Amino acid sequence: MARIPDAEQTPRGPAYEGRLLDRPDEEVVDQGAPFDVRTLITRRGILGLVGVGLGTAALAACAPVSSASTTSTATPTPSGSVTPGSVSGTLPAGEIPDETAGPYPGDGSNGPDVLEQSGIVRSDLRTSIGSSTAVDGVPLTFTLRVTDMANGDAPFAGVAVYAWHCDAQGRYSMYSDGVEDETWLRGVQVADANGQVTFTSIVPGCYTGRWPHIHFEVYPSIDDITDATNAIATSQLAYPEAPLADVYALAAYDGSARNLSQVSLSSDNVFGEDAGALQVATVTGDATSGHTAALAVRVDTTTPSAGQAPGGRR
């Protein structure tokens with residue numbers, strides 16, 4: 001039977017997963033967002049929580065799984081090839097894995113909703129909506145090619161794709177301290193006749209406990225984006241390790257190299273089940289000229305999306 005996890009008594013006070021409770025007189029699940037984000041919560045642990053609201057449970061989506069150093073495993077070989085603005089080559093073996101939207105979706109499922117704002121439909125994500133000040137980081141152009149598995153993998157033209165990710169320092173606009181009023185690194189594009197959407201952004205940083213990634217949701221049409229429950233797929237693009245070495249050596253990405261050394265695709269709490277076999281993008285370029293990334297995204301509309309469920313893959 002599922003149960004609320006118990007704190008353990010230590011000489012310094014009650015703790016969970018080795019971390020002292022911020023609110024010693026409250027249950028483990030009532031410690032607040034900062035504690036949730038810092039605490040190691042495994043997938044099995046989050047599935048066993050009872051009485052946790054959507055917001056609190058979802059905070060585990062991007063939370064660290066370990067602070068200990070791990071041995072990096074080989075990055076899966078991505079399928080297809082990449083040229084600016086296109087994805088070509090062999091399709092992946094299966095449907096894009098469904099993940100929860102995480103603690104910082106900005107889609108109204110956990111607090112603020114950027115999808116209600118005028119200007120969210122855009123290809124360049126480097127500024128906040130209505131601003132001309134771009135975030136710092138190595139330029140990245142990434143393309144997602146969405147296919148309709150229920151229709152013989154035909155290009156999924158007309159679907160709307162909402163993409164978001166952290167900045168070079170690991171912060172999420174609309175949520176992280178000091179940038180709650182910003183909307184950078186968030187935007188929507190409508191798939192063209194080839195089922196493709198392309199965004200201009202920056203290479204995401206690596207924060208504690210998570211492999212570098214980009215979140216995205218696929219909606220049936222642009223008219224559906226104002227309700228997060230309309231998403232037909234919610235997943236994450238995994239960044240391959242090799243192109244990150246030079247990027248994470250830059251001052252703008254201070255801390256990312258250290259954080260990356262402490263996690264692997266196999267230990268990550270999202271990509272760990274299969275080391276991101278269907279989610280690792282093909283990336284070309286360098287830290288000077290910028291990166292170009294591509295990922296083929298197969299969507300099966302005959303299967304339900306677990307993207308908004310707190311107990312789904314994180």
# chains A, B, ... in the order shown; residues from 1 in each chain; ligands from 1
call {"tool": "residues_around", "arguments": {"residues": "Gly290 in chain A", "least_positions_apart": "6", "cutoff": "12 Å", "atoms": "only C-alpha atoms", "output": "PyMOL selection string"}}
result
chain A and resi 84+137-142+200-203+243-244+246-247+283-284
call {"tool": "residues_around", "arguments": {"residues": "Tyr104 in chain A", "least_positions_apart": "5", "cutoff": "8 Å", "atoms": "only C-alpha atoms", "output": "list in words"}}
result
Leu59, Asn110, Tyr172, Met174 and Tyr175 of chain A
call {"tool": "closest_atom_pairs", "arguments": {"of": "range 97-154 of chain A", "to": "range 293-300 of chain A", "cutoff": "10 Å", "atoms": "only C-alpha atoms", "output": "tab-separated table"}}
result
residue	atom	partner	partner_atom	distance
A:Pro97	CA	A:Val299	CA	9.1
A:Asp98	CA	A:Val299	CA	9.5
A:Leu140	CA	A:Ala293	CA	7.3
A:Thr141	CA	A:Ala293	CA	6.2
A:Phe142	CA	A:Ala293	CA	4.5
A:Thr143	CA	A:Ala294	CA	4.8
A:Leu144	CA	A:Leu295	CA	5.1
A:Arg145	CA	A:Ala296	CA	4.8
A:Val146	CA	A:Val297	CA	4.7
A:Thr147	CA	A:Arg298	CA	4.9
A:Asp148	CA	A:Val299	CA	5.4
A:Met149	CA	A:Asp300	CA	4.9
A:Ala150	CA	A:Asp300	CA	5.8
A:Asn151	CA	A:Asp300	CA	8.9
A:Asp153	CA	A:Arg298	CA	7.2
A:Ala154	CA	A:Arg298	CA	9.6
call {"tool": "write_last_selection", "arguments": {"atoms": "C-alpha atoms", "output": "mmCIF file, in the first residue's frame"}}
result
data_model
loop_
_atom_site.group_PDB
_atom_site.id
_atom_site.type_symbol
_atom_site.label_atom_id
_atom_site.label_comp_id
_atom_site.auth_asym_id
_atom_site.auth_seq_id
_atom_site.Cartn_x
_atom_site.Cartn_y
_atom_site.Cartn_z
ATOM 1 C CA PRO A 97 8.865 8.384 -24.091
ATOM 2 C CA ASP A 98 6.266 10.313 -22.161
ATOM 3 C CA LEU A 140 21.682 26.723 -30.313
ATOM 4 C CA THR A 141 19.302 26.010 -33.178
ATOM 5 C CA PHE A 142 17.240 22.902 -32.504
ATOM 6 C CA THR A 143 14.701 21.183 -34.721
ATOM 7 C CA LEU A 144 12.095 18.593 -33.787
ATOM 8 C CA ARG A 145 10.496 16.477 -36.524
ATOM 9 C CA VAL A 146 7.157 15.156 -35.293
ATOM 10 C CA THR A 147 5.554 12.154 -36.991
ATOM 11 C CA ASP A 148 2.098 10.635 -36.531
ATOM 12 C CA MET A 149 2.516 6.943 -35.703
ATOM 13 C CA ALA A 150 -1.235 6.344 -35.977
ATOM 14 C CA ASN A 151 -1.034 7.523 -39.577
ATOM 15 C CA ASP A 153 4.470 8.060 -39.373
ATOM 16 C CA ALA A 154 3.285 10.791 -41.714
#
call {"tool": "residues_around", "arguments": {"residues": "Gly158 in chain A", "least_positions_apart": "3", "cutoff": "7 Å", "atoms": "only C-alpha atoms", "output": "VMD selection string"}}
result
chain A and resid 190 to 192 221
call {"tool": "select_by_dssp", "arguments": {"residues": "range 92-239 of chain A", "states": "strand (DSSP E)", "output": "number ranges by chain"}}
result
A: 139-148, 154-155, 160-164, 186-190, 196-202, 213-219, 233-238
call {"tool": "atom_distance", "arguments": {"atom1": "CA of Asp227 in chain A", "atom2": "CA of Gly272 in chain A"}}
result
29.3 Å
call {"tool": "closest_residue", "arguments": {"among": "A:Gly170, A:Gly276, A:Gly102, A:Gly108", "to": "Pro240 in chain A", "atoms": "only C-alpha atoms"}}
result
A:Gly276
call {"tool": "closest_residue", "arguments": {"among": "A:Gly89, A:Gly187, A:Gly285, A:Gly106", "to": "Thr127 in chain A", "atoms": "only C-alpha atoms"}}
result
A:Gly187
call {"tool": "select_by_dssp", "arguments": {"residues": "range 54-287 of chain A", "states": "helix (DSSP H, G or I)", "output": "number ranges by chain"}}
result
A: 54-62, 114-116, 149-151, 222-224, 228-230, 244-247, 251-253, 256-261
call {"tool": "write_last_selection", "arguments": {"atoms": "N, CA and C atoms", "output": "CSV table (one decimal), in the first residue's frame"}}
result
chain,number,residue,atom,x,y,z
A,54,LEU,N,-0.3,18.3,-7.1
A,54,LEU,CA,0.3,18.3,-8.4
A,54,LEU,C,1.6,19.1,-8.3
A,55,GLY,N,1.5,20.3,-7.8
A,55,GLY,CA,2.7,21.1,-7.8
A,55,GLY,C,3.9,20.5,-7.0
A,56,THR,N,3.6,20.0,-5.8
A,56,THR,CA,4.7,19.5,-5.0
A,56,THR,C,5.3,18.2,-5.6
A,57,ALA,N,4.4,17.3,-6.1
A,57,ALA,CA,4.9,16.1,-6.7
A,57,ALA,C,5.7,16.4,-7.9
A,58,ALA,N,5.2,17.3,-8.7
A,58,ALA,CA,5.9,17.6,-10.0
A,58,ALA,C,7.3,18.2,-9.7
A,59,LEU,N,7.5,18.8,-8.5
A,59,LEU,CA,8.8,19.4,-8.3
A,59,LEU,C,9.9,18.3,-8.3
A,60,ALA,N,9.6,17.1,-8.1
A,60,ALA,CA,10.6,16.1,-8.2
A,60,ALA,C,11.1,15.8,-9.6
A,61,ALA,N,10.4,16.3,-10.6
A,61,ALA,CA,10.6,16.0,-12.0
A,61,ALA,C,12.0,16.4,-12.4
A,62,CYS,N,12.5,17.5,-11.9
A,62,CYS,CA,13.9,17.9,-12.3
A,62,CYS,C,14.8,17.9,-11.1
A,114,VAL,N,2.6,30.8,-19.3
A,114,VAL,CA,3.1,31.6,-20.4
A,114,VAL,C,2.3,31.4,-21.7
A,115,LEU,N,1.6,30.3,-21.8
A,115,LEU,CA,0.9,30.0,-23.0
A,115,LEU,C,-0.4,30.8,-23.2
A,116,GLU,N,-0.7,31.6,-22.2
A,116,GLU,CA,-1.8,32.5,-22.3
A,116,GLU,C,-1.4,33.9,-22.9
A,149,MET,N,2.4,8.4,-35.6
A,149,MET,CA,2.5,6.9,-35.7
A,149,MET,C,1.2,6.3,-36.1
A,150,ALA,N,0.1,6.9,-35.7
A,150,ALA,CA,-1.2,6.3,-36.0
A,150,ALA,C,-1.6,6.5,-37.5
A,151,ASN,N,-0.8,7.3,-38.2
A,151,ASN,CA,-1.0,7.5,-39.6
A,151,ASN,C,0.2,7.2,-40.4
A,222,ILE,N,-2.6,24.9,-32.5
A,222,ILE,CA,-2.3,26.1,-31.8
A,222,ILE,C,-3.4,26.6,-30.9
A,223,ASP,N,-4.6,26.2,-31.3
A,223,ASP,CA,-5.8,26.6,-30.5
A,223,ASP,C,-5.9,25.8,-29.1
A,224,ASP,N,-5.1,24.7,-29.0
A,224,ASP,CA,-5.2,23.8,-27.9
A,224,ASP,C,-4.2,24.2,-26.8
A,228,ALA,N,-3.2,22.8,-20.6
A,228,ALA,CA,-2.1,21.8,-20.6
A,228,ALA,C,-2.5,20.4,-20.8
A,229,THR,N,-3.8,20.1,-20.4
A,229,THR,CA,-4.3,18.7,-20.5
A,229,THR,C,-4.5,18.3,-21.9
A,230,ASN,N,-4.5,19.3,-22.9
A,230,ASN,CA,-4.6,18.9,-24.3
A,230,ASN,C,-3.4,18.3,-24.9
A,244,LEU,N,29.5,19.2,-25.2
A,244,LEU,CA,29.3,20.0,-24.1
A,244,LEU,C,30.6,20.4,-23.4
A,245,ALA,N,31.7,19.7,-23.7
A,245,ALA,CA,33.0,20.0,-23.0
A,245,ALA,C,33.4,21.4,-23.2
A,246,ASP,N,33.5,21.9,-24.4
A,246,ASP,CA,34.0,23.2,-24.7
A,246,ASP,C,33.0,24.3,-24.2
A,247,VAL,N,31.7,24.0,-24.3
A,247,VAL,CA,30.7,24.9,-23.9
A,247,VAL,C,30.7,25.1,-22.4
A,251,ALA,N,32.8,30.8,-18.9
A,251,ALA,CA,32.4,31.4,-17.7
A,251,ALA,C,30.9,31.4,-17.5
A,252,ALA,N,30.2,31.6,-18.6
A,252,ALA,CA,28.7,31.7,-18.5
A,252,ALA,C,28.1,30.4,-17.9
A,253,TYR,N,28.8,29.3,-18.1
A,253,TYR,CA,28.3,28.0,-17.7
A,253,TYR,C,29.0,27.5,-16.4
A,256,SER,N,28.5,24.0,-14.5
A,256,SER,CA,27.8,23.0,-15.3
A,256,SER,C,28.8,21.8,-15.5
A,257,ALA,N,30.0,22.0,-15.7
A,257,ALA,CA,31.0,20.9,-15.9
A,257,ALA,C,31.0,20.0,-14.6
A,258,ARG,N,31.0,20.6,-13.5
A,258,ARG,CA,31.1,19.9,-12.2
A,258,ARG,C,29.8,19.1,-12.1
A,259,ASN,N,28.6,19.7,-12.3
A,259,ASN,CA,27.4,19.0,-12.2
A,259,ASN,C,27.2,17.9,-13.2
A,260,LEU,N,27.7,18.1,-14.4
A,260,LEU,CA,27.7,17.0,-15.4
A,260,LEU,C,28.5,15.8,-15.0
A,261,SER,N,29.6,16.0,-14.3
A,261,SER,CA,30.5,14.9,-13.8
A,261,SER,C,29.8,14.1,-12.8
call {"tool": "atom_distance", "arguments": {"atom1": "CA of Ser176 in chain A", "atom2": "CA of Ser235 in chain A"}}
result
21.2 Å
call {"tool": "closest_residue", "arguments": {"among": "A:Leu185, A:Asp286, A:Ala281, A:Thr226", "to": "Arg122 in chain A", "atoms": "only C-alpha atoms"}}
result
A:Leu185
call {"tool": "atom_distance", "arguments": {"atom1": "CA of Val179 in chain A", "atom2": "CA of Gly205 in chain A"}}
result
15.8 Å
call {"tool": "residues_around", "arguments": {"residues": "Ala193 in chain A", "least_positions_apart": "4", "cutoff": "9 Å", "atoms": "only C-alpha atoms", "output": "list in words"}}
result
Pro155, Phe156, Ala157 and Gly158 of chain A
call {"tool": "write_last_selection", "arguments": {"atoms": "N, CA and C atoms", "output": "PDB file, in the first residue's frame"}}
result
ATOM      1  N   PRO A 155       4.287  13.025 -41.600  1.00  0.00           N
ATOM      2  CA  PRO A 155       4.640  14.266 -40.903  1.00  0.00           C
ATOM      3  C   PRO A 155       3.425  14.828 -40.176  1.00  0.00           C
ATOM      4  N   PHE A 156       3.593  15.185 -38.931  1.00  0.00           N
ATOM      5  CA  PHE A 156       2.477  15.670 -38.119  1.00  0.00           C
ATOM      6  C   PHE A 156       2.330  17.174 -38.306  1.00  0.00           C
ATOM      7  N   ALA A 157       1.976  17.573 -39.515  1.00  0.00           N
ATOM      8  CA  ALA A 157       1.829  18.990 -39.842  1.00  0.00           C
ATOM      9  C   ALA A 157       0.719  19.629 -39.018  1.00  0.00           C
ATOM     10  N   GLY A 158       0.952  20.846 -38.573  1.00  0.00           N
ATOM     11  CA  GLY A 158      -0.075  21.604 -37.875  1.00  0.00           C
ATOM     12  C   GLY A 158      -0.084  21.455 -36.367  1.00  0.00           C
TER      13      GLY A 158
END
call {"tool": "residues_around", "arguments": {"residues": "Ala275 in chain A", "least_positions_apart": "2", "cutoff": "6 Å", "atoms": "only C-alpha atoms", "output": "list of chain:residue names"}}
result
A:Leu265, A:Ser266, A:Phe271, A:Gly272, A:Glu273, A:Ala277
call {"tool": "residues_around", "arguments": {"residues": "Thr234 in chain A", "least_positions_apart": "6", "cutoff": "6 Å", "atoms": "only C-alpha atoms", "output": "PyMOL selection string"}}
result
chain A and resi 98-99+216-217+307
